[in-house]
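S.K.: Handing you a structure now.
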Amino acid sequence: MSSRAAAKTKPTDQQADRPARLLAWYDRHRRRLPWRAEAGERADPYRVWLSEIMLQQTTVRAVGPYFEKFLSRWPDVTALGRASLDDVLRMWAGLGYYSRARNLHACAVVVLNNHDGVFPDTEDGLRALPGIGPYTAAAIAAIAFDRRTMPVDGNIERVVTRLYAIEAALPQAKPLIKEMAATLLGPSRAGDKNSRAGDSAQALMDLGATICTPKKPACALCPLNDDCAGHARGDQETFPRKAPKKSGTLRRGAAFVVTRGAELLVRSRPDKGLLGGMTEVPGSQWLAGQADAAALAEAPELKGVTRWHRKSGVVTHVFTHFPLELVVYTANVPPRTRAPDGMRWVPVATLDGEAFPNVMRKAIAHGLDL
Ligand code: SF4
C-alpha cells in the first residue's frame, strides 16, 4: 500500500487491531523517562511541556540532566514564570537552539499571567502560547490531557511511512503521514476518561526510538510486523523518503579572545536573531566568502593592543542553515584596561555559569588552549 491511496482504503481487521497491539506492547515495554508519568497516573502538563520544548532537535540523553536541573530550580510553571530570562538562558546554556529558551520563559510568563498558572487543555489553546507549534500542542494535548490527537515527530514519521510504505517525500508527505498516524489511535469513546490517546502517542514514539530505528529496525520484535508494508517489501530502511537537502553556504568570521589577567572580555548578543541574548566574545560579522583581513578589521579597540595573535587552525560549527568557520585572535591586555562600550570582563573561573552558545565555547577553548 502506498501514497495517498493508503488513506482512503478501509482498514482490514488486522489493521483495525493495530492500536490495541501497540498499547499492549507499550504496557510491557514503555521507556521510563524522567518526565513521564507512571502507568495509570495522570501526566503533569508542566513536565510534559518542559520536556517537549527541550526535546525539540535534542536527544533524550542530552535533555535528561537539563530537565532535572530545571525542575529542581523551578518546580512548576509559576516558579518559571517568575524567573528572570537571564537565569533561564544561563541554565539552558549548552542545549542549543536558544530561541527555545526565550520562548520557554515567555510561555511560562503568559501561563502565569493570563491563565492563572494553569496550562490550557486543548490543542488550540496550547497553540496560542509562545513557542508551541502544531507538534508540541498535539503532544501536550494527547499526553497531558488525553485529547484524541496524534503528534507526529521524526520517530512517528519513520514508523508510519514504513508501515504504509508511503512513497511521497518529506516534507510534502507530512499531511498524509499525520492522517495515517491518526489511524493508530485507539477507538474514540465519547466521554471515556481512559481513551489512552497519550499512551498511543507515547507508544509510537517509543516504537520509533527503540524498535523501528533509522538503521536496522528490529522488525522481529515489532508489534506491527504482521501487516507492515515496508517490512513485507524488505525495503523498510529506505523510508521515509526525503527530498534532497540544500546545505547553506559556508560563512566566515573572526572571534577575539581577550584576557586581562584571569578575566575574559565578553558581550551580549542582541535579543533578536540568531543566538539572541546569549553571551559571546567580541567578533566580526559572519559572512559568506569573507576575507580574513575584513574580519580582523572588526576587532574591538583596546588600549595597549597593537597586534593580534592569530591562533593556528579554525573553529568550525554547523548551524541549521549554514556552516561557520571562525578564525580566532587572542590578546592579553594590562590590568585595569577598560572594556569597550557594551562589553564587560568576566572571571575565567566562572565561564561555566555564563550563557555561551556552543560555538562560543569552542572559540574560547581554542583561544585559551583549554
Ligand atoms: S515491522 Fe519493522 S519497519 Fe514495520 S513498523 Fe515494525 S519495526 Fe518498523
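Residue numbering restarts at 1 in every chain; chains get A, B, ... in the order shown in the C-alpha cells, and ligands count up from 1 in that same order.
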Please report, as JSON lines, each residue of range 218-275 of chain A lying at most 10 Å from range 164-184 of chain A, together with the nearest pair of atoms and the separation in Å rounded to one decimal; use only C-alpha atoms, and order rows by chain and ascending residue number.
M.R.:
```
{"residue": "A:Asp227", "atom": "CA", "partner": "A:Tyr164", "partner_atom": "CA", "distance": 9.1}
{"residue": "A:Cys228", "atom": "CA", "partner": "A:Tyr164", "partner_atom": "CA", "distance": 6.7}
{"residue": "A:Ala229", "atom": "CA", "partner": "A:Tyr164", "partner_atom": "CA", "distance": 5.4}
{"residue": "A:Gly230", "atom": "CA", "partner": "A:Ala165", "partner_atom": "CA", "distance": 5.1}
{"residue": "A:His231", "atom": "CA", "partner": "A:Ala165", "partner_atom": "CA", "distance": 8.8}
{"residue": "A:Ala232", "atom": "CA", "partner": "A:Ala165", "partner_atom": "CA", "distance": 9.6}
{"residue": "A:Arg233", "atom": "CA", "partner": "A:Ala165", "partner_atom": "CA", "distance": 8.6}
{"residue": "A:Asp235", "atom": "CA", "partner": "A:Ala165", "partner_atom": "CA", "distance": 8.9}
{"residue": "A:Gln236", "atom": "CA", "partner": "A:Ala165", "partner_atom": "CA", "distance": 7.6}
{"residue": "A:Thr238", "atom": "CA", "partner": "A:Ala165", "partner_atom": "CA", "distance": 9.4}
{"residue": "A:Phe239", "atom": "CA", "partner": "A:Ala165", "partner_atom": "CA", "distance": 7.2}
{"residue": "A:Pro240", "atom": "CA", "partner": "A:Ala169", "partner_atom": "CA", "distance": 7.0}
{"residue": "A:Arg241", "atom": "CA", "partner": "A:Ala169", "partner_atom": "CA", "distance": 4.5}
{"residue": "A:Lys242", "atom": "CA", "partner": "A:Ala169", "partner_atom": "CA", "distance": 4.7}
{"residue": "A:Ala243", "atom": "CA", "partner": "A:Ala169", "partner_atom": "CA", "distance": 5.7}
{"residue": "A:Pro244", "atom": "CA", "partner": "A:Ala169", "partner_atom": "CA", "distance": 9.4}
```
S.K.: Phe119 in chain A: which residues within 7 Å, counting only C-alpha atoms, same-chain residues fewer than 3 positions away excluded, as a PyMOL selection string?
M.R.: chain A and resi 45+111+115
S.K.: Could you tell me how far CA of Arg252 in chain A sits from CA of Ser284 in chain A, in Å to one decimal place?
M.R.: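 We find that CA of Ser284 in chain A and CA of Arg252 in chain A lie 9.1 Å from each other.
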S.K.: Considering only C-alpha atoms, can you say which of A:Leu324, A:Leu129, A:Ala37, A:Val315 comes closest to Leu250 in chain A?
M.R.: A:Leu324
S.K.: Just checking: using only C-alpha atoms, which residue out of A:Met54, A:Val109, A:Lys69, A:Arg267 ends up closest to Gly81 in chain A?
M.R.: A:Val109
S.K.: What does the distance between CA of Leu302 in chain A and CA of Arg90 in chain A come to in Å, to one decimal place?
M.R.: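 Distance between the two atoms: 27.6 Å.
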S.K.: Using only C-alpha atoms and all ligand atoms, find each protein or nucleic acid residue lying at most 8 Å from ligand 1; present the set as a ChimeraX atom specification.
M.R.: /A:158-160,162-163,207-208,211-213,217-231,236-237
S.K.: Hey, what's within 8 Å of Arg196 in chain A if we count only C-alpha atoms and toss same-chain stuff fewer than 3 positions away? As a PyMOL selection string, please?
M.R.: chain A and resi 146+186+199-200
S.K.: Go ahead and write the selection's residues with C-alpha atoms as a compact mmCIF listing (two decimals), in the first residue's frame.
M.R.:
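Result went into again36.txt, see below:
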```txt
# COMPACT_ATOMS: atom_id res chain seq x y z
CA ASP A 146 -5.63 12.63 26.76
CA GLY A 186 -7.40 3.66 19.85
CA ASP A 199 -0.34 6.33 25.66
CA SER A 200 -0.94 5.68 21.94
```
S.K.: Would you mind telling me which residue in A:Arg73, A:Ala339, A:Ala106, A:Leu185 lies nearest to Ala20 in chain A when using only C-alpha atoms?
M.R.: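 Among A:Arg73, A:Ala339, A:Ala106, A:Leu185, it is A:Leu185 that comes nearest to Ala20 in chain A.
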